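K.L.:
To be precise about what I am sending: the file is called data-v5.csv and holds CSV, C-alpha atoms and all ligand atoms.
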```
chain,number,residue,atom,x,y,z
A,1,MET,CA,5.8,-24.0,-6.1
A,2,LYS,CA,2.1,-24.4,-6.7
A,3,ASP,CA,0.4,-21.2,-7.6
A,4,ILE,CA,-3.4,-21.1,-6.9
A,5,ALA,CA,-4.2,-17.8,-8.6
A,6,LYS,CA,-6.5,-17.8,-11.7
A,7,ARG,CA,-5.3,-14.9,-13.8
A,8,PHE,CA,-7.6,-13.0,-16.0
A,9,GLY,CA,-7.3,-13.9,-19.7
A,10,GLU,CA,-7.5,-10.2,-20.4
A,11,ASN,CA,-4.3,-9.4,-18.5
A,12,PRO,CA,-2.7,-6.9,-18.4
A,13,LEU,CA,-5.9,-5.0,-17.7
A,14,LEU,CA,-4.1,-1.7,-17.9
A,15,SER,CA,-0.8,-0.6,-19.3
A,16,PRO,CA,1.0,2.8,-19.1
A,17,ALA,CA,-0.1,3.7,-22.7
A,18,ASP,CA,-3.8,3.4,-21.7
A,19,LEU,CA,-3.8,6.7,-19.8
A,20,VAL,CA,-2.7,10.3,-20.6
A,21,PRO,CA,0.3,11.7,-18.7
A,22,SER,CA,-0.5,14.4,-16.2
A,23,LYS,CA,1.7,17.0,-17.9
A,24,ASP,CA,3.2,17.7,-21.3
A,25,GLY,CA,6.8,16.4,-21.4
A,26,LEU,CA,6.1,13.5,-19.1
A,27,GLU,CA,5.5,9.9,-20.0
A,28,ILE,CA,3.7,7.3,-17.8
A,29,THR,CA,6.4,4.8,-17.1
A,30,CYS,CA,4.4,2.5,-14.7
A,31,LEU,CA,0.8,1.9,-13.9
A,32,LEU,CA,0.6,-0.2,-10.8
A,33,ASN,CA,-0.5,-1.3,-7.4
A,34,PRO,CA,-4.1,-0.2,-7.3
A,35,GLY,CA,-6.3,0.1,-4.2
A,36,THR,CA,-9.8,-1.2,-4.8
A,37,PHE,CA,-13.3,-0.3,-3.6
A,38,ARG,CA,-17.0,-0.5,-4.5
A,39,PHE,CA,-18.7,2.9,-4.9
A,40,ASP,CA,-21.8,4.0,-6.8
A,41,GLY,CA,-22.5,0.4,-8.0
A,42,LYS,CA,-19.1,0.2,-9.7
A,43,THR,CA,-15.7,-1.4,-9.0
A,44,TRP,CA,-13.1,1.3,-8.6
A,45,LEU,CA,-9.3,1.3,-8.7
A,46,ILE,CA,-7.1,4.1,-7.3
A,47,VAL,CA,-4.1,3.4,-9.3
A,48,ARG,CA,-0.5,4.5,-8.9
A,49,VAL,CA,0.7,6.4,-12.0
A,50,ALA,CA,4.5,6.7,-12.0
A,51,GLU,CA,5.8,9.4,-14.5
A,52,ARG,CA,9.1,10.8,-15.7
A,53,PRO,CA,10.3,12.6,-18.8
A,54,THR,CA,11.2,10.5,-21.8
A,55,GLN,CA,14.7,9.5,-21.1
A,56,THR,CA,17.6,10.7,-23.3
A,57,ASP,CA,21.0,9.2,-23.8
A,58,GLY,CA,23.5,9.6,-21.0
A,59,ILE,CA,21.1,11.3,-18.5
A,60,ILE,CA,18.7,10.1,-15.9
A,61,SER,CA,15.9,12.6,-15.4
A,62,PHE,CA,12.9,12.5,-13.1
A,63,PRO,CA,10.4,14.9,-11.6
A,64,VAL,CA,10.2,16.1,-8.0
A,65,LEU,CA,7.7,18.4,-6.3
A,66,ASP,CA,8.4,21.3,-4.0
A,67,GLU,CA,6.4,21.8,-0.8
A,68,LYS,CA,3.8,23.9,-2.7
A,69,GLY,CA,3.3,21.2,-5.3
A,70,ALA,CA,5.3,22.8,-8.1
A,71,MET,CA,7.2,20.3,-10.3
A,72,SER,CA,10.8,20.5,-11.5
A,73,ILE,CA,13.0,18.0,-13.3
A,74,VAL,CA,16.2,16.7,-11.8
A,75,GLN,CA,18.9,15.6,-14.3
A,76,ILE,CA,21.8,13.4,-13.4
A,77,PRO,CA,24.6,12.4,-15.8
A,78,LYS,CA,24.8,8.6,-16.2
A,79,GLY,CA,28.2,7.2,-15.5
A,80,ASP,CA,29.0,9.8,-12.8
A,81,PRO,CA,31.1,8.0,-10.2
A,82,GLU,CA,28.9,9.5,-7.5
A,83,LEU,CA,25.7,7.9,-9.0
A,84,ASP,CA,24.4,4.4,-7.9
A,85,ASP,CA,21.7,3.5,-10.3
A,86,SER,CA,21.8,-0.3,-9.8
A,87,ASP,CA,18.0,-0.3,-8.8
A,88,ALA,CA,15.6,0.9,-11.5
A,89,ARG,CA,13.3,2.3,-8.8
A,90,VAL,CA,15.5,4.3,-6.5
A,91,ILE,CA,19.0,5.8,-7.0
A,92,ASN,CA,21.6,7.4,-4.8
A,93,TYR,CA,23.5,10.5,-6.1
A,94,LYS,CA,26.1,12.3,-4.0
A,95,GLY,CA,24.9,10.6,-0.9
A,96,SER,CA,21.1,11.5,-1.4
A,97,ASP,CA,18.4,9.1,-2.4
A,98,TYR,CA,15.9,9.8,-5.2
A,99,LEU,CA,13.1,7.9,-6.9
A,100,THR,CA,13.4,7.6,-10.6
A,101,THR,CA,9.7,8.3,-11.1
A,102,LEU,CA,7.1,10.5,-9.5
A,103,SER,CA,3.8,8.9,-8.6
A,104,HIS,CA,0.3,10.3,-8.2
A,105,LEU,CA,-3.0,8.4,-7.7
A,106,ARG,CA,-5.8,8.3,-10.2
A,107,LEU,CA,-9.3,7.0,-10.0
A,108,LEU,CA,-10.6,4.5,-12.6
A,109,CYS,CA,-14.0,2.7,-12.5
A,110,SER,CA,-15.6,-0.3,-14.2
A,111,ASP,CA,-19.0,-1.9,-14.5
A,112,ASN,CA,-17.6,-5.4,-15.1
A,113,GLY,CA,-14.4,-5.5,-13.1
A,114,THR,CA,-12.3,-5.9,-16.2
A,115,ASP,CA,-12.7,-2.8,-18.4
A,116,PHE,CA,-11.7,0.3,-16.5
A,117,TYR,CA,-12.0,4.0,-17.6
A,118,GLU,CA,-11.3,7.4,-16.1
A,119,PRO,CA,-14.6,9.0,-15.1
A,120,GLU,CA,-15.0,12.7,-15.4
A,121,GLY,CA,-15.2,15.0,-12.4
A,122,TYR,CA,-13.0,13.1,-10.0
A,123,PRO,CA,-9.7,14.7,-8.9
A,124,ARG,CA,-6.3,13.2,-9.2
A,125,LEU,CA,-4.5,12.9,-5.9
A,126,ASN,CA,-1.0,14.4,-5.9
A,127,GLY,CA,1.8,14.6,-3.4
A,128,GLU,CA,1.2,17.7,-1.2
A,129,GLY,CA,3.5,19.3,1.3
A,130,ARG,CA,7.0,18.5,2.5
A,131,HIS,CA,6.4,14.8,3.2
A,132,GLU,CA,5.3,14.0,-0.3
A,133,THR,CA,7.8,15.8,-2.6
A,134,PHE,CA,8.7,12.5,-4.2
A,135,GLY,CA,5.1,11.5,-4.6
A,136,ILE,CA,2.4,9.2,-3.2
A,137,GLU,CA,2.1,5.5,-3.9
A,138,ASP,CA,0.3,2.2,-3.3
A,139,CYS,CA,-3.0,3.3,-1.8
A,140,ARG,CA,-5.1,0.9,0.3
A,141,VAL,CA,-8.8,1.9,0.7
A,142,VAL,CA,-11.3,0.8,3.3
A,143,GLU,CA,-14.8,1.9,4.0
A,144,ILE,CA,-15.9,2.2,7.6
A,145,ASP,CA,-19.3,3.7,8.6
A,146,GLY,CA,-19.6,5.6,5.2
A,147,THR,CA,-16.1,7.1,5.3
A,148,PHE,CA,-13.4,5.8,3.0
A,149,TYR,CA,-9.9,5.7,4.6
A,150,LEU,CA,-7.0,6.0,2.1
A,151,THR,CA,-3.6,4.9,3.4
A,152,PHE,CA,-0.7,5.4,1.0
A,153,THR,CA,3.0,5.7,0.9
A,154,SER,CA,4.2,9.3,1.2
A,155,VAL,CA,7.8,9.8,-0.1
A,156,SER,CA,10.2,12.7,0.3
A,157,SER,CA,13.9,13.2,0.9
A,158,MET,CA,13.1,12.7,4.6
A,159,GLY,CA,12.0,9.1,3.9
A,160,VAL,CA,9.0,6.9,3.2
A,161,GLY,CA,6.0,7.1,5.5
A,162,VAL,CA,2.2,6.4,5.6
A,163,GLY,CA,-0.2,9.2,4.8
A,164,LEU,CA,-3.9,9.2,5.5
A,165,ARG,CA,-6.7,11.0,3.6
A,166,THR,CA,-10.4,10.4,4.1
A,167,THR,CA,-13.4,11.0,1.9
A,168,LYS,CA,-17.1,10.3,1.7
A,169,ASP,CA,-17.7,11.2,-2.0
A,170,TRP,CA,-14.3,10.8,-3.7
A,171,LYS,CA,-14.5,14.5,-4.6
A,172,ASN,CA,-13.7,16.2,-1.3
A,173,PHE,CA,-10.8,14.8,0.8
A,174,GLU,CA,-9.7,15.5,4.3
A,175,LYS,CA,-5.9,15.3,4.9
A,176,HIS,CA,-4.7,13.8,8.2
A,177,GLY,CA,-0.9,14.0,7.5
A,178,LEU,CA,1.5,11.1,8.2
A,179,ILE,CA,0.0,8.5,10.5
A,180,PHE,CA,3.2,6.4,10.6
A,181,PRO,CA,6.5,8.3,10.0
A,182,ALA,CA,9.5,7.0,8.0
A,183,HIS,CA,10.4,4.4,7.5
A,184,ASN,CA,7.0,2.8,7.1
A,185,LYS,CA,4.7,1.6,4.3
A,186,ASP,CA,2.1,-1.1,3.4
A,187,CYS,CA,-0.5,0.1,5.8
A,188,ALA,CA,-3.9,-1.6,5.7
A,189,ILE,CA,-6.7,-0.6,8.0
A,190,PHE,CA,-9.2,-3.3,9.0
A,191,GLU,CA,-12.6,-2.9,7.4
A,192,GLU,CA,-14.4,-2.9,10.8
A,193,LYS,CA,-13.5,-2.1,14.4
A,194,VAL,CA,-12.6,-4.9,16.7
A,195,ASN,CA,-13.8,-4.5,20.3
A,196,GLY,CA,-14.4,-0.8,19.6
A,197,LYS,CA,-10.9,0.0,18.2
A,198,PHE,CA,-9.6,0.5,14.7
A,199,TYR,CA,-6.8,-1.9,13.8
A,200,ALA,CA,-4.1,-1.5,11.1
A,201,LEU,CA,-1.3,-3.6,9.7
A,202,HIS,CA,1.8,-1.6,8.8
A,203,ARG,CA,5.5,-2.2,7.9
A,204,PRO,CA,8.2,-0.3,9.6
A,205,SER,CA,11.7,-1.1,8.4
A,206,SER,CA,14.9,-1.5,10.4
A,207,VAL,CA,18.1,-2.1,8.6
A,208,ASP,CA,20.5,-2.5,11.4
A,209,LEU,CA,18.6,-4.7,13.8
A,210,GLY,CA,15.3,-6.3,13.1
A,211,GLY,CA,14.0,-6.2,9.5
A,212,ASN,CA,11.1,-5.6,7.1
A,213,TYR,CA,8.4,-7.1,9.3
A,214,ILE,CA,4.6,-6.6,9.5
A,215,TRP,CA,3.3,-4.9,12.6
A,216,ILE,CA,-0.2,-4.3,14.0
A,217,ALA,CA,-1.5,-1.2,15.8
A,218,SER,CA,-4.8,0.0,17.2
A,219,SER,CA,-6.4,3.4,17.4
A,220,PRO,CA,-9.5,5.0,19.0
A,221,ASP,CA,-10.2,7.2,15.9
A,222,GLY,CA,-8.3,5.8,12.9
A,223,VAL,CA,-5.8,8.7,13.0
A,224,HIS,CA,-3.8,8.2,16.2
A,225,TRP,CA,-2.1,4.8,16.5
A,226,GLY,CA,-0.5,2.9,19.3
A,227,GLN,CA,-0.2,-0.5,21.0
A,228,HIS,CA,2.2,-1.7,18.3
A,229,GLU,CA,3.1,-5.4,18.0
A,230,CYS,CA,5.4,-7.1,15.5
A,231,ILE,CA,3.4,-10.1,14.2
A,232,VAL,CA,4.9,-11.4,10.9
A,233,ARG,CA,8.6,-11.7,10.2
A,234,THR,CA,10.6,-12.7,7.2
A,235,ARG,CA,11.7,-16.3,7.0
A,236,PRO,CA,15.3,-17.2,6.1
A,237,GLY,CA,15.6,-19.4,3.0
A,238,LYS,CA,12.0,-19.0,1.9
A,239,TRP,CA,10.2,-16.9,-0.7
A,240,ASP,CA,9.6,-14.2,1.9
A,241,SER,CA,13.1,-14.0,3.3
A,242,LYS,CA,13.9,-10.4,2.7
A,243,ARG,CA,10.7,-8.4,3.2
A,244,VAL,CA,7.0,-8.9,4.0
A,245,GLY,CA,4.2,-6.3,3.8
A,246,ALA,CA,0.4,-6.3,4.1
A,247,GLY,CA,-1.8,-6.3,1.0
A,248,ALA,CA,-5.3,-4.8,1.3
A,249,ALA,CA,-7.6,-4.9,4.4
A,250,PRO,CA,-7.8,-8.3,6.1
A,251,ILE,CA,-10.9,-10.4,5.0
A,252,LYS,CA,-13.2,-11.4,7.8
A,253,THR,CA,-13.8,-15.2,7.7
A,254,ASP,CA,-15.3,-17.6,10.3
A,255,LYS,CA,-11.8,-18.8,10.9
A,256,GLY,CA,-10.2,-15.4,11.5
A,257,TRP,CA,-9.0,-12.3,9.7
A,258,LEU,CA,-7.4,-13.5,6.5
A,259,GLU,CA,-4.6,-11.3,5.2
A,260,ILE,CA,-3.0,-11.6,1.7
A,261,TYR,CA,0.5,-10.2,1.9
A,262,HIS,CA,3.6,-9.8,-0.3
A,263,GLY,CA,6.9,-11.3,0.4
A,264,ALA,CA,10.2,-10.7,-1.4
A,265,ASN,CA,13.3,-12.8,-1.4
A,266,ASP,CA,17.0,-11.7,-1.7
A,267,GLU,CA,16.7,-11.7,-5.5
A,268,HIS,CA,13.8,-9.2,-5.3
A,269,GLN,CA,11.2,-11.7,-6.5
A,270,TYR,CA,7.8,-10.6,-5.1
A,271,CYS,CA,5.2,-13.3,-4.4
A,272,LEU,CA,1.9,-13.4,-2.5
A,273,GLY,CA,1.1,-15.4,0.6
A,274,ALA,CA,-1.5,-15.3,3.4
A,275,PHE,CA,-1.8,-15.4,7.2
A,276,LEU,CA,-4.7,-15.7,9.6
A,277,LEU,CA,-5.3,-13.5,12.7
A,278,ASP,CA,-7.6,-14.2,15.6
A,279,LEU,CA,-11.0,-12.6,15.2
A,280,ASN,CA,-11.2,-11.1,18.7
A,281,ASP,CA,-7.5,-10.4,19.2
A,282,PRO,CA,-5.9,-9.6,15.8
A,283,THR,CA,-2.4,-9.4,17.4
A,284,LYS,CA,-2.5,-13.2,17.5
A,285,VAL,CA,-1.3,-15.0,14.3
A,286,LEU,CA,-3.1,-18.3,14.0
A,287,ALA,CA,-1.5,-19.6,10.8
A,288,ARG,CA,0.5,-18.7,7.7
A,289,THR,CA,1.0,-20.2,4.3
A,290,ASP,CA,4.3,-22.0,4.0
A,291,GLU,CA,4.5,-21.6,0.2
A,292,ALA,CA,3.5,-18.7,-1.9
A,293,ILE,CA,-0.1,-18.7,-3.3
A,294,MET,CA,0.9,-16.5,-6.3
A,295,VAL,CA,4.3,-16.5,-7.9
A,296,PRO,CA,5.3,-14.2,-10.9
A,297,SER,CA,5.3,-16.5,-13.9
A,298,GLU,CA,3.5,-14.8,-16.8
A,299,THR,CA,5.6,-12.7,-19.2
A,300,TYR,CA,3.9,-9.5,-18.0
A,301,GLU,CA,4.9,-10.4,-14.4
A,302,LEU,CA,8.5,-11.3,-15.3
A,303,THR,CA,9.4,-8.5,-17.7
A,304,GLY,CA,8.7,-4.8,-17.2
A,305,PHE,CA,10.0,-1.8,-15.3
A,306,PHE,CA,11.0,-4.1,-12.4
A,307,GLY,CA,10.5,-7.8,-13.3
A,308,HIS,CA,9.5,-10.8,-11.2
A,309,VAL,CA,6.9,-8.9,-9.2
A,310,VAL,CA,3.3,-9.6,-8.3
A,311,PHE,CA,2.2,-7.0,-5.7
A,312,THR,CA,-1.3,-6.4,-4.4
A,313,ASN,CA,-2.9,-3.8,-2.3
A,314,GLY,CA,-6.5,-4.1,-3.5
A,315,HIS,CA,-9.2,-6.8,-3.8
A,316,ILE,CA,-12.9,-7.3,-3.9
A,317,VAL,CA,-14.6,-10.2,-2.1
A,318,GLU,CA,-17.3,-11.4,-4.6
A,319,GLU,CA,-21.0,-12.1,-3.7
A,320,ASP,CA,-20.4,-15.8,-3.4
A,321,GLY,CA,-18.4,-15.1,-0.3
A,322,ASP,CA,-15.5,-17.2,-1.5
A,323,THR,CA,-14.1,-15.7,-4.6
A,324,ILE,CA,-11.6,-12.9,-4.1
A,325,THR,CA,-10.8,-10.8,-7.2
A,326,VAL,CA,-7.2,-9.6,-6.6
A,327,TYR,CA,-6.0,-6.6,-8.5
A,328,TYR,CA,-2.3,-6.4,-8.6
A,329,GLY,CA,0.7,-4.7,-10.0
A,330,ALA,CA,2.8,-6.9,-12.4
A,331,ALA,CA,6.5,-6.2,-13.0
A,332,ASP,CA,5.9,-2.7,-11.4
A,333,GLU,CA,4.4,-1.7,-14.8
A,334,PHE,CA,1.0,-3.2,-15.4
A,335,VAL,CA,-2.3,-3.6,-13.6
A,336,CYS,CA,-3.7,-7.1,-13.7
A,337,GLY,CA,-6.4,-9.2,-12.2
A,338,ALA,CA,-6.7,-12.7,-10.7
A,339,ARG,CA,-9.1,-14.8,-8.8
A,340,LEU,CA,-8.4,-16.7,-5.6
A,341,SER,CA,-10.7,-18.9,-3.4
A,342,ILE,CA,-10.9,-18.1,0.3
A,343,GLN,CA,-11.4,-21.8,1.1
A,344,GLU,CA,-8.4,-22.8,-1.0
A,345,ILE,CA,-6.2,-20.2,0.7
A,346,LEU,CA,-7.5,-21.4,4.2
A,347,SER,CA,-6.6,-25.0,3.2
A,348,ARG,CA,-3.0,-23.9,2.6
A,349,LEU,CA,-2.5,-22.3,6.0
A,350,ILE,CA,-0.4,-24.3,8.5
A,401,LIG,C1,10.8,0.9,-3.1
A,401,LIG,C2,9.9,0.4,-4.3
A,401,LIG,C3,9.6,1.6,-5.2
A,401,LIG,C4,9.0,2.8,-4.4
A,401,LIG,C5,9.9,3.1,-3.2
A,401,LIG,C6,9.3,4.2,-2.3
A,401,LIG,O1,12.0,1.2,-3.6
A,401,LIG,O2,8.7,-0.1,-3.8
A,401,LIG,O3,8.6,1.3,-6.1
A,401,LIG,O4,8.8,3.9,-5.2
A,401,LIG,O5,10.2,2.0,-2.4
A,401,LIG,O6,8.1,3.7,-1.7
```
Go ahead and render the structure in this file as structure tokens.

P.N.:
Amino acid sequence: MKDIAKRFGENPLLSPADLVPSKDGLEITCLLNPGTFRFDGKTWLIVRVAERPTQTDGIISFPVLDEKGAMSIVQIPKGDPELDDSDARVINYKGSDYLTTLSHLRLLCSDNGTDFYEPEGYPRLNGEGRHETFGIEDCRVVEIDGTFYLTFTSVSSMGVGVGLRTTKDWKNFEKHGLIFPAHNKDCAIFEEKVNGKFYALHRPSSVDLGGNYIWIASSPDGVHWGQHECIVRTRPGKWDSKRVGAGAAPIKTDKGWLEIYHGANDEHQYCLGAFLLDLNDPTKVLARTDEAIMVPSETYELTGFFGHVVFTNGHIVEEDGDTITVYYGAADEFVCGARLSIQEILSRLI
């Protein structure tokens, strides 16, 4: 497969050791999947910080929140016949699912798009309430008419859904609860309204009939969504055979809305591809890349908390109008950067 991403020489841009854990007794296990936006003349990342206690022999331990936000640590003996820990990310114990880390979101900013630091005076975003007791993850950010819309994965024992918070200044946030209930994730709101309506890509999952497909919905206000249509499915035998999910907001081009998405195969290899939606009716898919445009290949993409993963939910379209700087999670552990050309991606669509 030909990969057309030009990775930053500085990769990984951020590793777990670069930030301080949120609490004594926790370590940052993964720093991944940043949403991206421009604000105050700077490039910002809202990064997923996944934490757990330092692991000791024979025990799996991880934090959970209660509905009021208080943290406690769950401990499960390894080797217990009622434990299924075959996936590093999510385990099942005595019939219940848990995440092995608890994620919150943190703001970082940069003057050059490469060196990021945590600025003072901006809050961390934590899971709040009964739908976020296992944390919040993988935030997409879009600015519409001066308001930033944050769509992220809200996780609890009830399942995985999409939460929405809005802000104008990144210091005060309004909570809008779950906009897509479980099971749903990978929600990217379009950066402008189409024919007066908000549009969003989202990814409900159905295990018994259907699959992990990308859907589109519209909304009068960005909070209440309907008119759902399934637009992009997995493709048997290809790099996106098992699951597909939207990246960040689609990019407006003269050919249509260009969406970079992730696809995983049965071996849990996560690659990036693209598809194109009609400018006036985004429920119409005009074209899709046959092959992946980015494939995990560097050591930091192959080896980490969960290897063979490149996953993006944030990008910046640069001033030349062609270069996209993609920020992405590598091996579910590091934050990296790469550049792609819009024209080159368009030329790969069939
Ligand atoms: C999957 C992975 C994990 C994530 C959970 C919940 O298992 O993407 O990284 O924590 O879903 O969203």

K.L.:
Residues within 6 Å of ligand LIG 401 (chain A) should be enumerated using all atoms listed in the file and returned as a list of chain:residue names.

P.N.:
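The residues within 6 Å of ligand LIG 401 (chain A), counting all atoms listed in the file, are A:Arg89, A:Val90, A:Val160.
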
K.L.:
Do a neighbour search on A:Thr36 at 6 Å with all atoms listed in the file, toss out local chain neighbours closer than 5 positions, and write the hits as a list of chain:residue names.

P.N.:
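The residues that qualify are A:Trp44, A:Leu45, A:Gly314, A:His315.
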
K.L.:
From the set A:Lys94, A:His131, A:Lys242, A:His228, which residue has the shortest atom-to-atom contact distance to A:Leu65, counting all atoms listed in the file?

P.N.:
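Answer, going by the shortest atom-to-atom distance: A:His131.
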
K.L.:
Under the rule that all atoms listed in the file are counted, which of A:Glu132, A:Asp332, A:Glu318, A:Asp84 is the nearest residue to A:Asn33?

P.N.:
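Of all the options, A:Asp332 lies closest to A:Asn33.
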
K.L.:
If you measure from atom CA of A:Gly247 to atom CA of A:Val310, what distance in Å do you get, rounded to one decimal?

P.N.:
11.1 Å

K.L.:
Pick from A:Thr56, A:Ser219, A:Ile345, A:Asp278: nearest to A:Gly196, with all atoms listed in the file counted?

P.N.:
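Under the stated criterion, the closest residue is A:Ser219.
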
K.L.:
Just want the 6 Å neighbourhood of A:Thr153, counted on only C-alpha atoms, with same-chain residues fewer than 6 positions away dropped. Output as a PDB file with C-alpha atoms, in the frame of the given file.

P.N.:
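Okay, out.pdb is ready:
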```pdb
ATOM      1  CA  ILE A 136       2.400   9.200  -3.200  1.00  0.00           C
ATOM      2  CA  GLU A 137       2.100   5.500  -3.900  1.00  0.00           C
ATOM      3  CA  GLY A 161       6.000   7.100   5.500  1.00  0.00           C
ATOM      4  CA  VAL A 162       2.200   6.400   5.600  1.00  0.00           C
ATOM      5  CA  LYS A 185       4.700   1.600   4.300  1.00  0.00           C
TER       6      LYS A 185
END
```

K.L.:
Name the residues in contact with A:Gly58 at a cut-off of 9 Å, using all atoms listed in the file, excluding same-chain residues fewer than 6 positions from it; report them as a PyMOL selection string.

P.N.:
chain A and resi 76-79

K.L.:
Record the distance separating atom CA of A:Phe152 and atom CA of A:Ser72, expressed in Å with one decimal.

P.N.:
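These two atoms are separated by 22.7 Å.
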
K.L.:
Which neighbours of A:Thr151 fall inside 9 Å, counting all atoms listed in the file, when residues of the same chain fewer than 6 positions from it are skipped, and could you give them as a PyMOL selection string?

P.N.:
chain A and resi 138-142+162-166+179+185-189

K.L.:
Quick one: of A:Cys271, A:Leu277, A:Ile216, A:Leu99, who's nearest to A:Met294, counting all atoms listed in the file?

P.N.:
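Once distances to A:Met294 are computed over all atoms listed in the file, the minimum belongs to A:Cys271.
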
K.L.:
Write only N, CA and C atoms for stretch 58-70 of chain A from the block just shown, as a PDB file, in the first residue's frame.

P.N.:
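Result written to selection24.pdb:
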```
ATOM      1  N   GLY A  58       0.187  -9.233  39.154  1.00  0.00           N
ATOM      2  CA  GLY A  58      -0.972 -10.054  39.492  1.00  0.00           C
ATOM      3  C   GLY A  58      -2.285  -9.303  39.623  1.00  0.00           C
ATOM      4  N   ILE A  59      -2.261  -7.971  39.442  1.00  0.00           N
ATOM      5  CA  ILE A  59      -3.504  -7.205  39.619  1.00  0.00           C
ATOM      6  C   ILE A  59      -3.672  -6.203  38.479  1.00  0.00           C
ATOM      7  N   ILE A  60      -4.883  -6.134  37.963  1.00  0.00           N
ATOM      8  CA  ILE A  60      -5.215  -5.070  37.009  1.00  0.00           C
ATOM      9  C   ILE A  60      -5.950  -4.008  37.808  1.00  0.00           C
ATOM     10  N   SER A  61      -5.465  -2.773  37.769  1.00  0.00           N
ATOM     11  CA  SER A  61      -6.172  -1.716  38.508  1.00  0.00           C
ATOM     12  C   SER A  61      -6.392  -0.520  37.602  1.00  0.00           C
ATOM     13  N   PHE A  62      -7.538   0.103  37.779  1.00  0.00           N
ATOM     14  CA  PHE A  62      -7.888   1.263  36.941  1.00  0.00           C
ATOM     15  C   PHE A  62      -8.858   2.150  37.703  1.00  0.00           C
ATOM     16  N   PRO A  63      -8.863   3.455  37.381  1.00  0.00           N
ATOM     17  CA  PRO A  63      -9.773   4.372  38.085  1.00  0.00           C
ATOM     18  C   PRO A  63     -11.145   4.416  37.422  1.00  0.00           C
ATOM     19  N   VAL A  64     -12.159   4.650  38.221  1.00  0.00           N
ATOM     20  CA  VAL A  64     -13.498   4.977  37.709  1.00  0.00           C
ATOM     21  C   VAL A  64     -14.004   6.171  38.525  1.00  0.00           C
ATOM     22  N   LEU A  65     -14.980   6.876  37.958  1.00  0.00           N
ATOM     23  CA  LEU A  65     -15.581   8.014  38.650  1.00  0.00           C
ATOM     24  C   LEU A  65     -16.967   7.614  39.143  1.00  0.00           C
ATOM     25  N   ASP A  66     -17.446   8.312  40.193  1.00  0.00           N
ATOM     26  CA  ASP A  66     -18.863   8.147  40.498  1.00  0.00           C
ATOM     27  C   ASP A  66     -19.625   9.310  39.857  1.00  0.00           C
ATOM     28  N   GLU A  67     -20.931   9.321  40.038  1.00  0.00           N
ATOM     29  CA  GLU A  67     -21.752  10.324  39.339  1.00  0.00           C
ATOM     30  C   GLU A  67     -21.403  11.751  39.754  1.00  0.00           C
ATOM     31  N   LYS A  68     -20.788  11.886  40.950  1.00  0.00           N
ATOM     32  CA  LYS A  68     -20.407  13.225  41.423  1.00  0.00           C
ATOM     33  C   LYS A  68     -18.978  13.584  41.030  1.00  0.00           C
ATOM     34  N   GLY A  69     -18.286  12.648  40.367  1.00  0.00           N
ATOM     35  CA  GLY A  69     -16.933  12.938  39.892  1.00  0.00           C
ATOM     36  C   GLY A  69     -15.839  12.443  40.822  1.00  0.00           C
ATOM     37  N   ALA A  70     -16.203  11.784  41.943  1.00  0.00           N
ATOM     38  CA  ALA A  70     -15.180  11.264  42.860  1.00  0.00           C
ATOM     39  C   ALA A  70     -14.571   9.995  42.260  1.00  0.00           C
TER      40      ALA A  70
END
```
